[in-house]
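These notes concern the structure reproduced below.
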Amino acid sequence: MKIVHYPHPTLRYNSATVRQVDAELKKICAEMFDLMYEANGIGLAANQVDLPLRLFVCNVAGKPDEGEEFVFINPVVSRPKGNEEKEEGCLSLPGVYGAVRRPETITFQAYTLDGQEFKQELSGMFARVVQHELDHLNGVLFTDRMTETGKLAVRPELDEFEYDYELRLRNGEAPDDDAVVQRLKEIEAKYC
Ligand code: CO
């Protein structure tokens, strides 16, 4: 398992509702935490590791021995309040940063790996992370939410990622879109 970078097609895939959790999925989540910490991240969505499932892992402390680890399955955001602009980055777009405006406070509901409901009003960094990760599950990247000026500023970096991916496709190092979608459908059939 590895983190896929923009413009990998799975990052644009609308992830499917998870209907069952098995030992393998629990192992996948543990591995997602490892990859997240390794890359110095605080959140990682399933489609960033090429899985079409509505779940993500996060720990706002960003370190395995600090903060609290959460696996959120089938997350839903409601009751957005206020709005705040903050700089964001993404493990699928390493090195790219930009300001994104988001609601400051939200109500967040999801399920944990053992089927418990999590429902809490969140604000600050925690609220921002879960909104960023939930966006991933809908195929949305933080750069999509930047202002037009912000988008222009990161365009050269995005171009470079697109160029690299194009090269890997041409060299047969990356699967074509049809192969990616077919694999995603198989995983969906197992868990959704
Ligand atoms: Co991200």
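In the structure tokens, each chain is lettered A, B, ... as it comes, each chain's residues begin at 1, and ligands are numbered from 1 in order of appearance.
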
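Using only C-alpha atoms and all ligand atoms as the basis for the distance check, residues found within 8 Å of ligand 1 are A:Gly43, A:Leu44, A:Ala45, A:Gln48, A:Gly89, A:Cys90, A:Leu91, A:Ser92, A:Leu93, A:His132, A:Glu133, A:His136, A:Leu141, A:Phe142.
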
Selected residues written out with N, CA and C atoms, as a PDB file, in the first residue's frame:
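As written to disk, part-v3.pdb reads:
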```
ATOM      1  N   GLY A  43      -3.868  13.464   8.653  1.00  0.00           N
ATOM      2  CA  GLY A  43      -5.072  12.786   8.183  1.00  0.00           C
ATOM      3  C   GLY A  43      -4.776  12.074   6.879  1.00  0.00           C
ATOM      4  N   LEU A  44      -5.459  10.956   6.631  1.00  0.00           N
ATOM      5  CA  LEU A  44      -5.262  10.226   5.371  1.00  0.00           C
ATOM      6  C   LEU A  44      -6.563   9.511   5.017  1.00  0.00           C
ATOM      7  N   ALA A  45      -7.059   9.795   3.828  1.00  0.00           N
ATOM      8  CA  ALA A  45      -8.319   9.198   3.376  1.00  0.00           C
ATOM      9  C   ALA A  45      -8.038   7.925   2.580  1.00  0.00           C
ATOM     10  N   GLN A  48      -6.716   7.956  -0.873  1.00  0.00           N
ATOM     11  CA  GLN A  48      -5.312   8.360  -1.031  1.00  0.00           C
ATOM     12  C   GLN A  48      -4.375   7.152  -1.018  1.00  0.00           C
ATOM     13  N   GLY A  89      -2.302  21.628   3.340  1.00  0.00           N
ATOM     14  CA  GLY A  89      -1.461  20.856   2.440  1.00  0.00           C
ATOM     15  C   GLY A  89      -2.100  19.483   2.325  1.00  0.00           C
ATOM     16  N   CYS A  90      -1.501  18.589   1.554  1.00  0.00           N
ATOM     17  CA  CYS A  90      -2.121  17.284   1.342  1.00  0.00           C
ATOM     18  C   CYS A  90      -1.044  16.268   0.983  1.00  0.00           C
ATOM     19  N   LEU A  91      -1.144  15.065   1.557  1.00  0.00           N
ATOM     20  CA  LEU A  91      -0.133  14.031   1.293  1.00  0.00           C
ATOM     21  C   LEU A  91      -0.170  13.549  -0.155  1.00  0.00           C
ATOM     22  N   SER A  92      -1.250  13.852  -0.879  1.00  0.00           N
ATOM     23  CA  SER A  92      -1.321  13.485  -2.292  1.00  0.00           C
ATOM     24  C   SER A  92      -0.802  14.605  -3.195  1.00  0.00           C
ATOM     25  N   LEU A  93      -0.440  15.726  -2.561  1.00  0.00           N
ATOM     26  CA  LEU A  93       0.141  16.853  -3.301  1.00  0.00           C
ATOM     27  C   LEU A  93       1.326  17.393  -2.498  1.00  0.00           C
ATOM     28  N   HIS A 132     -11.383  18.315   5.319  1.00  0.00           N
ATOM     29  CA  HIS A 132     -10.435  18.050   4.233  1.00  0.00           C
ATOM     30  C   HIS A 132     -10.503  16.572   3.820  1.00  0.00           C
ATOM     31  N   GLU A 133     -10.529  15.688   4.817  1.00  0.00           N
ATOM     32  CA  GLU A 133     -10.545  14.243   4.521  1.00  0.00           C
ATOM     33  C   GLU A 133     -11.884  13.809   3.925  1.00  0.00           C
ATOM     34  N   HIS A 136     -11.951  14.447   0.335  1.00  0.00           N
ATOM     35  CA  HIS A 136     -11.259  13.402  -0.434  1.00  0.00           C
ATOM     36  C   HIS A 136     -12.232  12.300  -0.843  1.00  0.00           C
ATOM     37  N   LEU A 141     -10.289  17.853  -3.897  1.00  0.00           N
ATOM     38  CA  LEU A 141      -8.975  18.177  -3.329  1.00  0.00           C
ATOM     39  C   LEU A 141      -8.986  19.606  -2.790  1.00  0.00           C
ATOM     40  N   PHE A 142      -8.099  19.884  -1.828  1.00  0.00           N
ATOM     41  CA  PHE A 142      -8.120  21.223  -1.211  1.00  0.00           C
ATOM     42  C   PHE A 142      -7.852  22.324  -2.223  1.00  0.00           C
TER      43      PHE A 142
END
```

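Among the candidates A:Pro103, A:Pro52, A:Gly41, A:Gly62, the one nearest to A:Asn138 when counting only C-alpha atoms is A:Pro52.
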
Find the residues near A:Glu157: any atom within 10 Å, counting only C-alpha atoms, skip ones fewer than 5 places away on the same chain, and give them as a ChimeraX atom specification.
/A:93-96,152,162-163

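Remark: for A:Glu88, the closest of the candidate residues A:Thr107, A:Asn14, A:Asn74, A:Thr143 is A:Thr143 (distances computed over only C-alpha atoms).
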
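Proximity to A:Phe33 at 8 Å, evaluated using only C-alpha atoms and with sequence-adjacent residues fewer than 2 positions away removed, yields Cys29, Ala30, Glu31, Leu35, Met36, Tyr37, Leu44, Val57 and Cys58 of chain A.
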